[in-house]
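Please read the structure below before turning to the comments.
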Amino acid sequence: MTELIARLSLQFIPELSNGIIKKLLQVFGNAADIFQEKTVILKNGKRIQIPEISDTVKRQAEFEAESMEKHHINLCFYTDADFPRRLKSCNDSPYMLYYKGENIFSEQKMLAVVGTRNVTPYGKDITKKLIKELAEYNVCIISGLARGVDTVAHEHALENNLKTVAIMGAGLRIIYPDCNERLAQRIVEQGGALVSEFPFKTKPDRQNFPQRNRIIAGMADATVVMETALKGGSIITAYIAHSYNRDVFAVPGNIFSPTHEGCNAL
């Protein structure tokens, strides 16, 4: 078994949780060696049974490897030197990331810009203004490629010659929403990256987005919430960032506007 197939197989074994996999990697250093053992005793004394890789899991891993080669997708693994250094310090970080484009995940300055899909002209204007004024500081902008604030953030990062990273809530086969397909291409063409922790064919299901928000928060030095209602993904991202002891900023807005309630509450 190659190291790549071992790495890709880990995600398809339900008995191995994200946390357990990272602990096993700390013991063995690579994925292939994990499967050379049947039982492992961790530092805390916990005994882990290592399941064998079934034919089904191996086929899934081989499909992922073929898709990566065909679509020019790279893998960033927990034990690799180029794994995002800020994200690695988060207890619930993923153990691997798929990405298209450049590995710019440990740039000197990383800022997450998030907000509502129902962005108002005020939200658009303040997002444009903020990013334009950040241009001289060579900040890398992280967002989620969603409609609204995310789209404005990515577009204006590119227009101001800043690198930008889009964290996806689906596998890299699917650009969601599809109206942002050209934007996704531009992000890659201009030295940025599309990132996902999900297998290639994963659909943009609702439960994926709160999960991906921890990557947005964990990869950044700080998170700015531009405009948001009292509940939603942007508020989740803000509280995750706060739990990681990262700076969180919120742009104030009209006290009568539902789309500003979240920012005003923060």
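Letters A, B, ... go to the chains of the structure tokens in the order shown; residues in each chain start at 1; ligands are counted from 1 in the same order.
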Proximity check region 35-118 of chain A to region 163-171 of chain A, 12 Å, nearest pairs one decimal Å, only C-alpha atoms, as a Markdown table:
| residue | atom | partner | partner_atom | distance |
| --- | --- | --- | --- | --- |
| A:Glu64 | CA | A:Gly171 | CA | 10.6 |
| A:Ser67 | CA | A:Gly171 | CA | 11.0 |
| A:Met68 | CA | A:Gly171 | CA | 11.3 |
| A:Ile73 | CA | A:Gly171 | CA | 11.0 |
| A:Leu97 | CA | A:Ile167 | CA | 10.0 |
| A:Tyr98 | CA | A:Gly171 | CA | 8.5 |
| A:Tyr99 | CA | A:Ile167 | CA | 9.2 |
| A:Lys100 | CA | A:Val165 | CA | 10.0 |
| A:Gly101 | CA | A:Val165 | CA | 9.2 |
| A:Glu102 | CA | A:Val165 | CA | 9.3 |
| A:Asn103 | CA | A:Val165 | CA | 9.5 |
| A:Ile104 | CA | A:Val165 | CA | 8.2 |
| A:Phe105 | CA | A:Val165 | CA | 8.1 |
| A:Ser106 | CA | A:Val165 | CA | 11.3 |
| A:Glu107 | CA | A:Lys163 | CA | 9.6 |
| A:Gln108 | CA | A:Lys163 | CA | 11.8 |
| A:Lys109 | CA | A:Lys163 | CA | 10.7 |
| A:Met110 | CA | A:Thr164 | CA | 9.2 |
| A:Leu111 | CA | A:Thr164 | CA | 9.4 |
| A:Ala112 | CA | A:Val165 | CA | 9.2 |
| A:Val113 | CA | A:Thr164 | CA | 10.4 |
| A:Val114 | CA | A:Ala166 | CA | 11.2 |
How would the residues just picked look written out with N, CA, C and O atoms as a short mmCIF file (atom, residue, chain, number, x, y, z; two decimals), in the first residue's frame?
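Below is the file that was written, result_36.cif:
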data_model
loop_
_atom_site.label_atom_id
_atom_site.label_comp_id
_atom_site.auth_asym_id
_atom_site.auth_seq_id
_atom_site.Cartn_x
_atom_site.Cartn_y
_atom_site.Cartn_z
N GLU A 64 -10.35 8.39 -5.30
CA GLU A 64 -9.89 9.72 -4.89
C GLU A 64 -8.54 10.03 -5.52
O GLU A 64 -8.32 11.15 -6.02
N SER A 67 -8.99 10.80 -9.17
CA SER A 67 -9.63 12.12 -9.34
C SER A 67 -8.63 13.24 -9.09
O SER A 67 -8.63 14.25 -9.80
N MET A 68 -7.77 13.06 -8.09
CA MET A 68 -6.76 14.06 -7.81
C MET A 68 -5.83 14.26 -9.00
O MET A 68 -5.53 15.39 -9.40
N ILE A 73 -5.55 18.06 -8.36
CA ILE A 73 -5.85 18.32 -6.95
C ILE A 73 -4.69 17.82 -6.10
O ILE A 73 -4.15 16.73 -6.34
N LEU A 97 -6.41 18.00 3.95
CA LEU A 97 -7.17 18.92 3.11
C LEU A 97 -6.83 18.66 1.65
O LEU A 97 -5.67 18.48 1.29
N TYR A 98 -7.87 18.63 0.83
CA TYR A 98 -7.67 18.65 -0.62
C TYR A 98 -7.59 20.11 -1.06
O TYR A 98 -8.30 20.97 -0.53
N TYR A 99 -6.75 20.40 -2.07
CA TYR A 99 -6.76 21.78 -2.58
C TYR A 99 -6.34 21.83 -4.04
O TYR A 99 -5.58 21.00 -4.53
N LYS A 100 -6.90 22.83 -4.73
CA LYS A 100 -6.49 23.18 -6.09
C LYS A 100 -5.87 24.56 -6.03
O LYS A 100 -6.42 25.47 -5.41
N GLY A 101 -4.73 24.72 -6.69
CA GLY A 101 -4.06 26.01 -6.67
C GLY A 101 -2.77 25.94 -5.88
O GLY A 101 -2.09 24.91 -5.85
N GLU A 102 -2.46 27.03 -5.21
CA GLU A 102 -1.19 27.15 -4.50
C GLU A 102 -1.38 26.93 -3.00
O GLU A 102 -2.39 27.34 -2.43
N ASN A 103 -0.39 26.30 -2.39
CA ASN A 103 -0.40 26.16 -0.93
C ASN A 103 0.11 27.46 -0.32
O ASN A 103 1.31 27.68 -0.19
N ILE A 104 -0.84 28.32 0.03
CA ILE A 104 -0.51 29.63 0.62
C ILE A 104 -1.12 29.72 2.02
O ILE A 104 -1.45 30.79 2.51
N PHE A 105 -1.27 28.56 2.66
CA PHE A 105 -2.07 28.46 3.88
C PHE A 105 -1.35 28.94 5.13
O PHE A 105 -1.93 29.02 6.20
N SER A 106 -0.07 29.26 4.99
CA SER A 106 0.67 29.77 6.14
C SER A 106 1.32 31.11 5.80
O SER A 106 2.42 31.42 6.25
N GLU A 107 0.62 31.90 4.98
CA GLU A 107 1.08 33.24 4.65
C GLU A 107 1.24 34.08 5.93
O GLU A 107 0.67 33.77 6.97
N GLN A 108 2.00 35.15 5.82
CA GLN A 108 2.31 35.95 7.01
C GLN A 108 1.07 36.57 7.64
O GLN A 108 0.95 36.65 8.85
N LYS A 109 0.12 37.01 6.81
CA LYS A 109 -1.12 37.62 7.32
C LYS A 109 -2.32 36.96 6.65
O LYS A 109 -2.44 36.99 5.44
N MET A 110 -3.20 36.39 7.47
CA MET A 110 -4.38 35.68 6.96
C MET A 110 -5.62 36.24 7.65
O MET A 110 -5.71 36.23 8.89
N LEU A 111 -6.58 36.71 6.86
CA LEU A 111 -7.78 37.32 7.40
C LEU A 111 -9.02 36.65 6.83
O LEU A 111 -9.19 36.57 5.61
N ALA A 112 -9.91 36.16 7.70
CA ALA A 112 -11.18 35.60 7.27
C ALA A 112 -12.22 36.73 7.18
O ALA A 112 -12.37 37.51 8.13
N VAL A 113 -12.90 36.79 6.06
CA VAL A 113 -13.96 37.78 5.84
C VAL A 113 -15.24 37.01 5.56
O VAL A 113 -15.33 36.29 4.56
N VAL A 114 -16.24 37.16 6.44
CA VAL A 114 -17.46 36.36 6.32
C VAL A 114 -18.69 37.26 6.50
O VAL A 114 -18.59 38.38 7.00
#
request  = Write out as a VMD selection string which residues come within 6 Å of region 58-63 of chain A when counting only C-alpha atoms, dropping same-chain ones fewer than 5 positions away.
outcome  = chain A and resid 5 8 to 9
inquiry  = Just list as a PyMOL selection string whatever in region 48-242 of chain A DSSP marks as helix (DSSP H, G or I).
reply    = chain A and resi 55-71+85-88+121-137+149-159+178-189+208-219+233-242
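Our summary of the geometry notes that CA of Arg246 (chain A) is positioned 15.9 Å from CA of Cys140 (chain A).
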task = Report the residues of region 176-215 of chain A whose backbone DSSP state falls under strand (DSSP E), written as a list in words.
result = Ala193, Leu194, Val195 and Ser196 of chain A
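Distances to Ile215 (chain A) were evaluated for A:Glu261, A:Asp178, A:Asp92, A:Asp247 using only C-alpha atoms, and the minimum falls at A:Asp92.
Nearest residue to Asp221 (chain A) among A:Leu87, A:Val119, A:Ile175, A:Cys263 is A:Leu87, counting only C-alpha atoms.
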Which residues are close to Tyr239 (chain A), i.e. within 12 Å by only C-alpha atoms, leaving aside same-chain residues fewer than 2 positions away? Reply as a compact mmCIF listing (two decimals) with C-alpha atoms, in the first residue's frame.
# COMPACT_ATOMS: atom_id res chain seq x y z
CA PRO A 210 -20.80 24.55 9.90
CA ASN A 213 -16.50 27.12 9.08
CA ARG A 214 -13.96 25.86 11.63
CA ILE A 216 -12.11 29.32 7.84
CA ALA A 217 -11.71 30.42 11.47
CA GLY A 218 -8.73 28.20 12.20
CA ALA A 222 -8.51 37.11 12.69
CA THR A 223 -12.11 36.99 11.48
CA VAL A 224 -14.16 39.99 10.34
CA VAL A 225 -17.94 39.65 10.21
CA LYS A 231 -28.14 33.32 13.56
CA GLY A 232 -26.22 31.67 10.76
CA GLY A 233 -22.85 30.47 9.55
CA SER A 234 -21.05 33.78 10.10
CA ILE A 235 -21.98 33.85 13.78
CA ILE A 236 -20.85 30.23 14.10
CA THR A 237 -17.53 31.15 12.48
CA ALA A 241 -12.62 31.88 16.00
CA HIS A 242 -13.11 33.25 19.52
CA SER A 243 -12.78 29.72 20.94
CA TYR A 244 -9.43 29.45 19.13
CA ASN A 245 -8.31 32.66 20.85
CA ARG A 246 -8.24 34.55 17.55
CA ASP A 247 -9.30 38.15 17.11
CA VAL A 248 -12.91 38.69 16.01
CA PHE A 249 -14.16 41.95 14.51
CA ALA A 250 -17.70 42.95 13.55
CA GLY A 262 -25.61 39.57 14.33
CA LEU A 266 -21.14 40.71 18.53
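Near Lys128 (chain A), within 12 Å and counting only C-alpha atoms, sit Val113, Pro121, Tyr122, Leu134, Ala135, Val149, Asp150, Thr151, Val152, Ala153, His154, Glu155, His156, Ala157, Leu158, Glu159, Asn160 and Met226 of chain A, not including residues fewer than 6 positions from it in the same chain.
Between CA of Thr56 (chain A) and CA of Phe28 (chain A) there is a distance of 24.3 Å.
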note = Atom pair CA of Ala220 (chain A) + CA of Gln11 (chain A), distance 24.5 Å
